[in-house]
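Note sheet for the following structure.
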Amino acid sequence: MTETILPPIAMLAELTHRCPLQCAYCSNPVELLKANREMGTQGWLALFEEAADLGVLQVHLSGGEPTLRSDLAELIACLARRGVYTNLITAGVGIAEGRIEAFAAAGLDHVQLSFQGAKPETTEKIGNHRGAHEKKIETARRVREAGLPLTINAPIHRHNMHEVPDFIEMALSLGAERLEIANVQYAGWALLNRDALMPDRESVERQVQIVEEAQERLTGIMTIDFVAPDYFALYPKPCMGGWARDAFMVAPDGRVLPCHAAHTIKSLHFEQFGDWSLADIWRDSPAFNAFRGTGWMAEPCRSCERQEIDWGGCRCQAMAIAGDAAATDPACIKSPLHARMGALIEEAAKTAGSADSFQYRRIGKVVEPAS
Amino acid sequence: MEGVRTRAIVSSRSRPKLRRHARLQYDPVRDAWALLSPERIFWPNEVSLDILRLCDGTHDVAEMIATLAEEYGADEADIADDVTAFLQEWSDRFLVTLEQVQEKDEAVLRPDLRGDQ
């Protein structure tokens with residue numbers, strides 16, 4: 001290994017796979033872990049202490065639905081004590097009275113609340129949960145009342161792309177400082193449901209125009225961050241800011257991965273926290289070193305002037321579409337497989353009429369893997 | 001925040017204050033100051049740090065410019081634009097608030113600030 005290893009800055013903690021919603025676009029693995037596989041409170045506390053020692057400054061508490069962990073306030077308090085910035089990523093459904101206030105008192109810094117639709121019927125359909133929309137509105141109100149800054153996260157796909165203007169108005173009315181218009185990334189359940197979720201080109205172009213206009217108009221009023229749809233892109237995203245470069249994730253069972261979809265790369269083995277220290281995993285795990293830096297790259301990345309801009313793109317997308325985790329992300333126009341992305345968009349368009357057949361996300365559900 | 005939302009604009013009478021959820025803290029691992037905020041971490045340079053440290057809600061922008069001009073041995077007129085632009089950007093990013101002094105609003109801070117003092 002000749003690459004310089006800098007300390008990690010951010011960590012995504014998927015505390016649980018349990019969730020009251022069943023969103024078909026979920027990026028969690030298709031094989032979800034049951035509650036009895038989750039790491040206990042002491043395990044997470046020890047892991048957070050080591051993360052802070054290692055240099056982690058920001059922890060995203062996610063899942064599944066992280067508020068289903070009854071020890072969440074205790075976990076937040078531990079991170080706050082160490083000066084780590086905490087971001088709760090929640091679906092905002094079924095959070096008991098007083099808990100948001102307890103999270104705030106424990107030192108929570110920020111809440112990111114997802115909305116599956118800007119209209120109640122859309123939110124219910126995508127998450128397969130009756131009354132979800134109203135519960136989320138109520139959660140947003142409680143978050144603001146607790147004095148916490150709020151980001152609304154809108155995962156965008158074929159079934160709600162036309163609601164982007166409504167998402168913007170809704171986020172404004174909820175008092176959010178930030179809105180994420182995040183086009184769905186096809187990993188996990190989203191990959192399984194790709195044909196049902198894939199938007200058409202015209203809608204994507206209209207969406208980009210609407211978002212750019214709103215970003216301009218709302219400067220200083222609300223920040224709108226846009227996550228572009230990979231399949232329509234010219235260049236790939238610098239996934240995770242580069243493999244094992246400054247961030248990592250931890251699965252509910254304490255396995256430590258360079259990104260939340262890395263388990264789809266079957267040739268890699270991921271260490272368990274407890275068997276290895278976090279510092280050892282970050283520095284020495286073969287999975288972390290597999291695609292770290294630029295040394296692993298082949299052409300066209302090897303001679304590309306963008307290699308330290310996008311770091312070869314997403315390894316999991318290369319795996320899913322090129323069948324080779326070490327290939328250039330096919331989202332890149334320089335990839336020999338770039339045309340495959342366009343073909344997949346066209347293929348999905350053919351099924352547009354019958355697209356309501358989601359495979360809803362469920363623990364223990366038997367599913368056929370995506371081709 | 002609720003109700004009609006408008007963009008806060010910096011004036012010489014604004015009293016910038018770091019928001020409760022933007023945290024300036026020293027990071028011993030990297031031997032550097034970090035500004036932690038929702039979803040983003042900034043690494044302010046020395047000049048930015050000096051400005052941010054004055055964002056405590058007790059100094060108005062005119063006073064901040066005077067203080068910084070003295071510290072850096074510069075003319076207030078020469079740094080006013082930069083300081084103002086910096087604060088506007090950080091207000092737009094929801095890192096600082098710009099509470100106004102309760103008087104008739106001053107004109108937006110411009111290069112003609114000299115007359116203000």
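Here's how to read the names in the structure tokens: chain A, B, ... by the order shown, residue numbers from 1 in each chain, ligand numbers from 1 in the order shown.
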Write down, as a JSON list (two decimals) with C-alpha atoms, in the first residue's frame, each residue of chain B that has any atom within 7 Å of an atom of chain A, counting only C-alpha atoms.
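Below you can see result17.json, which holds the result:
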[["chain", "number", "residue", "atom", "x", "y", "z"],
["B", 1, "MET", "CA", -38.16, 30.51, 10.70],
["B", 2, "GLU", "CA", -41.84, 29.87, 10.00],
["B", 5, "ARG", "CA", -39.23, 33.61, 4.87],
["B", 6, "THR", "CA", -36.83, 36.18, 3.52],
["B", 7, "ARG", "CA", -33.10, 36.30, 2.93],
["B", 8, "ALA", "CA", -31.13, 38.11, 5.64],
["B", 21, "HIS", "CA", -25.86, 24.18, 15.47],
["B", 29, "VAL", "CA", -6.31, 14.67, 15.56],
["B", 36, "LEU", "CA", -19.11, 21.54, 12.11],
["B", 38, "PRO", "CA", -25.43, 19.91, 9.35],
["B", 91, "SER", "CA", -25.48, 33.69, 6.46],
["B", 92, "ASP", "CA", -26.76, 32.18, 3.21],
["B", 93, "ARG", "CA", -25.31, 28.84, 4.32]]
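The neighbours of region 187-197 of chain A here are the residues that come within 6 Å of it, using only C-alpha atoms and leaving out any residue fewer than 6 positions away in the same chain; they are Ala24, Tyr25, Cys26, Ser27, Asn28, Pro29, Val30, His157, Arg158, Ala348, Ala355 and Ala370 of chain A.
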Restricted to N, CA and C atoms, what would the selected residues look like written as a short mmCIF file (atom, residue, chain, number, x, y, z; two decimals), in the first residue's frame?
data_model
loop_
_atom_site.label_atom_id
_atom_site.label_comp_id
_atom_site.auth_asym_id
_atom_site.auth_seq_id
_atom_site.Cartn_x
_atom_site.Cartn_y
_atom_site.Cartn_z
N ALA A 24 -39.69 0.93 -1.57
CA ALA A 24 -39.12 0.10 -2.63
C ALA A 24 -37.78 0.64 -3.12
N TYR A 25 -37.45 1.89 -2.77
CA TYR A 25 -36.19 2.49 -3.25
C TYR A 25 -35.07 2.36 -2.22
N CYS A 26 -35.31 1.64 -1.12
CA CYS A 26 -34.34 1.59 -0.02
C CYS A 26 -33.00 1.05 -0.51
N SER A 27 -31.92 1.66 0.00
CA SER A 27 -30.58 1.21 -0.42
C SER A 27 -30.02 0.15 0.52
N ASN A 28 -30.80 -0.23 1.52
CA ASN A 28 -30.36 -1.31 2.42
C ASN A 28 -30.22 -2.61 1.62
N PRO A 29 -29.41 -3.55 2.16
CA PRO A 29 -29.27 -4.83 1.47
C PRO A 29 -30.61 -5.56 1.36
N VAL A 30 -30.74 -6.36 0.32
CA VAL A 30 -31.96 -7.14 0.13
C VAL A 30 -32.12 -8.16 1.28
N HIS A 157 -37.77 9.57 -7.78
CA HIS A 157 -37.82 8.51 -8.81
C HIS A 157 -39.04 8.77 -9.68
N ARG A 158 -39.35 7.84 -10.55
CA ARG A 158 -40.43 8.04 -11.51
C ARG A 158 -41.76 8.45 -10.87
N ALA A 348 -36.34 0.17 -19.02
CA ALA A 348 -37.28 0.51 -17.94
C ALA A 348 -38.50 1.22 -18.51
N ALA A 355 -45.64 -0.37 -13.92
CA ALA A 355 -44.56 -0.12 -12.96
C ALA A 355 -44.99 -0.10 -11.51
N ALA A 370 -31.81 -9.07 -8.69
CA ALA A 370 -31.90 -8.35 -9.96
C ALA A 370 -30.87 -8.90 -10.94
#
Check the DSSP output for the backbone and give back, as an mmCIF file with N, CA and C atoms, in the first residue's frame, the residues of chain B in strand (DSSP E).
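Output file part-v4.cif follows:
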data_model
loop_
_atom_site.group_PDB
_atom_site.id
_atom_site.type_symbol
_atom_site.label_atom_id
_atom_site.label_comp_id
_atom_site.auth_asym_id
_atom_site.auth_seq_id
_atom_site.Cartn_x
_atom_site.Cartn_y
_atom_site.Cartn_z
ATOM 1 N N SER B 14 -25.727 44.854 11.369
ATOM 2 C CA SER B 14 -25.980 43.436 11.694
ATOM 3 C C SER B 14 -25.050 43.006 12.815
ATOM 4 N N ARG B 15 -25.563 42.109 13.643
ATOM 5 C CA ARG B 15 -24.698 41.517 14.684
ATOM 6 C C ARG B 15 -24.593 40.023 14.442
ATOM 7 N N PRO B 16 -23.630 39.627 13.639
ATOM 8 C CA PRO B 16 -23.535 38.212 13.269
ATOM 9 C C PRO B 16 -23.264 37.336 14.484
ATOM 10 N N LYS B 17 -23.936 36.204 14.465
ATOM 11 C CA LYS B 17 -23.748 35.254 15.568
ATOM 12 C C LYS B 17 -23.741 33.852 14.990
ATOM 13 N N LEU B 18 -22.771 33.068 15.416
ATOM 14 C CA LEU B 18 -22.712 31.677 14.984
ATOM 15 C C LEU B 18 -23.980 30.961 15.451
ATOM 16 N N ARG B 23 -20.807 24.597 14.889
ATOM 17 C CA ARG B 23 -19.906 24.494 16.041
ATOM 18 C C ARG B 23 -18.455 24.634 15.599
ATOM 19 N N LEU B 24 -17.818 25.663 16.138
ATOM 20 C CA LEU B 24 -16.399 25.861 15.857
ATOM 21 C C LEU B 24 -15.619 25.127 16.931
ATOM 22 N N GLN B 25 -14.853 24.110 16.529
ATOM 23 C CA GLN B 25 -14.098 23.393 17.552
ATOM 24 C C GLN B 25 -12.737 22.938 17.054
ATOM 25 N N TYR B 26 -11.824 22.870 17.998
ATOM 26 C CA TYR B 26 -10.466 22.451 17.685
ATOM 27 C C TYR B 26 -10.414 20.933 17.568
ATOM 28 N N ASP B 27 -9.790 20.444 16.504
ATOM 29 C CA ASP B 27 -9.669 19.006 16.282
ATOM 30 C C ASP B 27 -8.230 18.583 16.560
ATOM 31 N N ALA B 32 -6.198 21.279 13.822
ATOM 32 C CA ALA B 32 -6.833 22.333 13.019
ATOM 33 C C ALA B 32 -8.199 22.663 13.609
ATOM 34 N N TRP B 33 -8.688 23.865 13.274
ATOM 35 C CA TRP B 33 -10.027 24.252 13.703
ATOM 36 C C TRP B 33 -11.035 23.819 12.650
ATOM 37 N N ALA B 34 -12.123 23.226 13.113
ATOM 38 C CA ALA B 34 -13.178 22.769 12.206
ATOM 39 C C ALA B 34 -14.471 23.486 12.549
ATOM 40 N N LEU B 35 -15.234 23.816 11.520
ATOM 41 C CA LEU B 35 -16.581 24.343 11.743
ATOM 42 C C LEU B 35 -17.550 23.237 11.342
ATOM 43 N N LEU B 36 -18.199 22.659 12.356
ATOM 44 C CA LEU B 36 -19.113 21.544 12.110
ATOM 45 C C LEU B 36 -20.514 22.090 11.892
ATOM 46 N N SER B 37 -21.181 21.596 10.874
ATOM 47 C CA SER B 37 -22.542 22.059 10.580
ATOM 48 C C SER B 37 -23.318 20.884 9.996
ATOM 49 N N ARG B 40 -22.110 19.185 6.683
ATOM 50 C CA ARG B 40 -20.871 19.726 6.129
ATOM 51 C C ARG B 40 -19.860 20.037 7.221
ATOM 52 N N ILE B 41 -18.583 19.871 6.890
ATOM 53 C CA ILE B 41 -17.513 20.309 7.774
ATOM 54 C C ILE B 41 -16.636 21.282 6.988
ATOM 55 N N PHE B 42 -16.396 22.444 7.557
ATOM 56 C CA PHE B 42 -15.538 23.438 6.913
ATOM 57 C C PHE B 42 -14.225 23.536 7.684
ATOM 58 N N VAL B 96 -24.319 31.541 10.237
ATOM 59 C CA VAL B 96 -24.457 32.674 11.172
ATOM 60 C C VAL B 96 -25.820 33.334 10.977
ATOM 61 N N THR B 97 -26.330 33.914 12.067
ATOM 62 C CA THR B 97 -27.529 34.757 11.979
ATOM 63 C C THR B 97 -27.077 36.211 11.930
ATOM 64 N N LEU B 98 -27.959 37.073 11.455
ATOM 65 C CA LEU B 98 -27.577 38.487 11.266
ATOM 66 C C LEU B 98 -28.564 39.394 11.972
ATOM 67 N N GLU B 99 -28.692 39.215 13.258
ATOM 68 C CA GLU B 99 -29.651 40.064 13.975
ATOM 69 C C GLU B 99 -29.301 41.534 13.790
ATOM 70 N N GLN B 100 -30.323 42.363 13.505
ATOM 71 C CA GLN B 100 -30.086 43.794 13.296
ATOM 72 C C GLN B 100 -30.210 44.534 14.623
#
Excluding Tyr231 (chain A) and any residue of its chain fewer than 2 positions from it, enumerate the residues within 10 Å of it, using only C-alpha atoms, and give them as a ChimeraX atom specification.
/A:185-186,198-199,201,228-229,233-236,330-332,338-345
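Closest approach to Thr123 (chain A) among A:Phe167, A:Phe232, A:Phe248, A:Phe103: A:Phe167, based on only C-alpha atoms.
For the choices A:Gly131, A:Gly64, A:Pro155, A:Gly40, the atom-to-atom distance to His17 (chain A) is smallest for A:Gly64 when using only C-alpha atoms.
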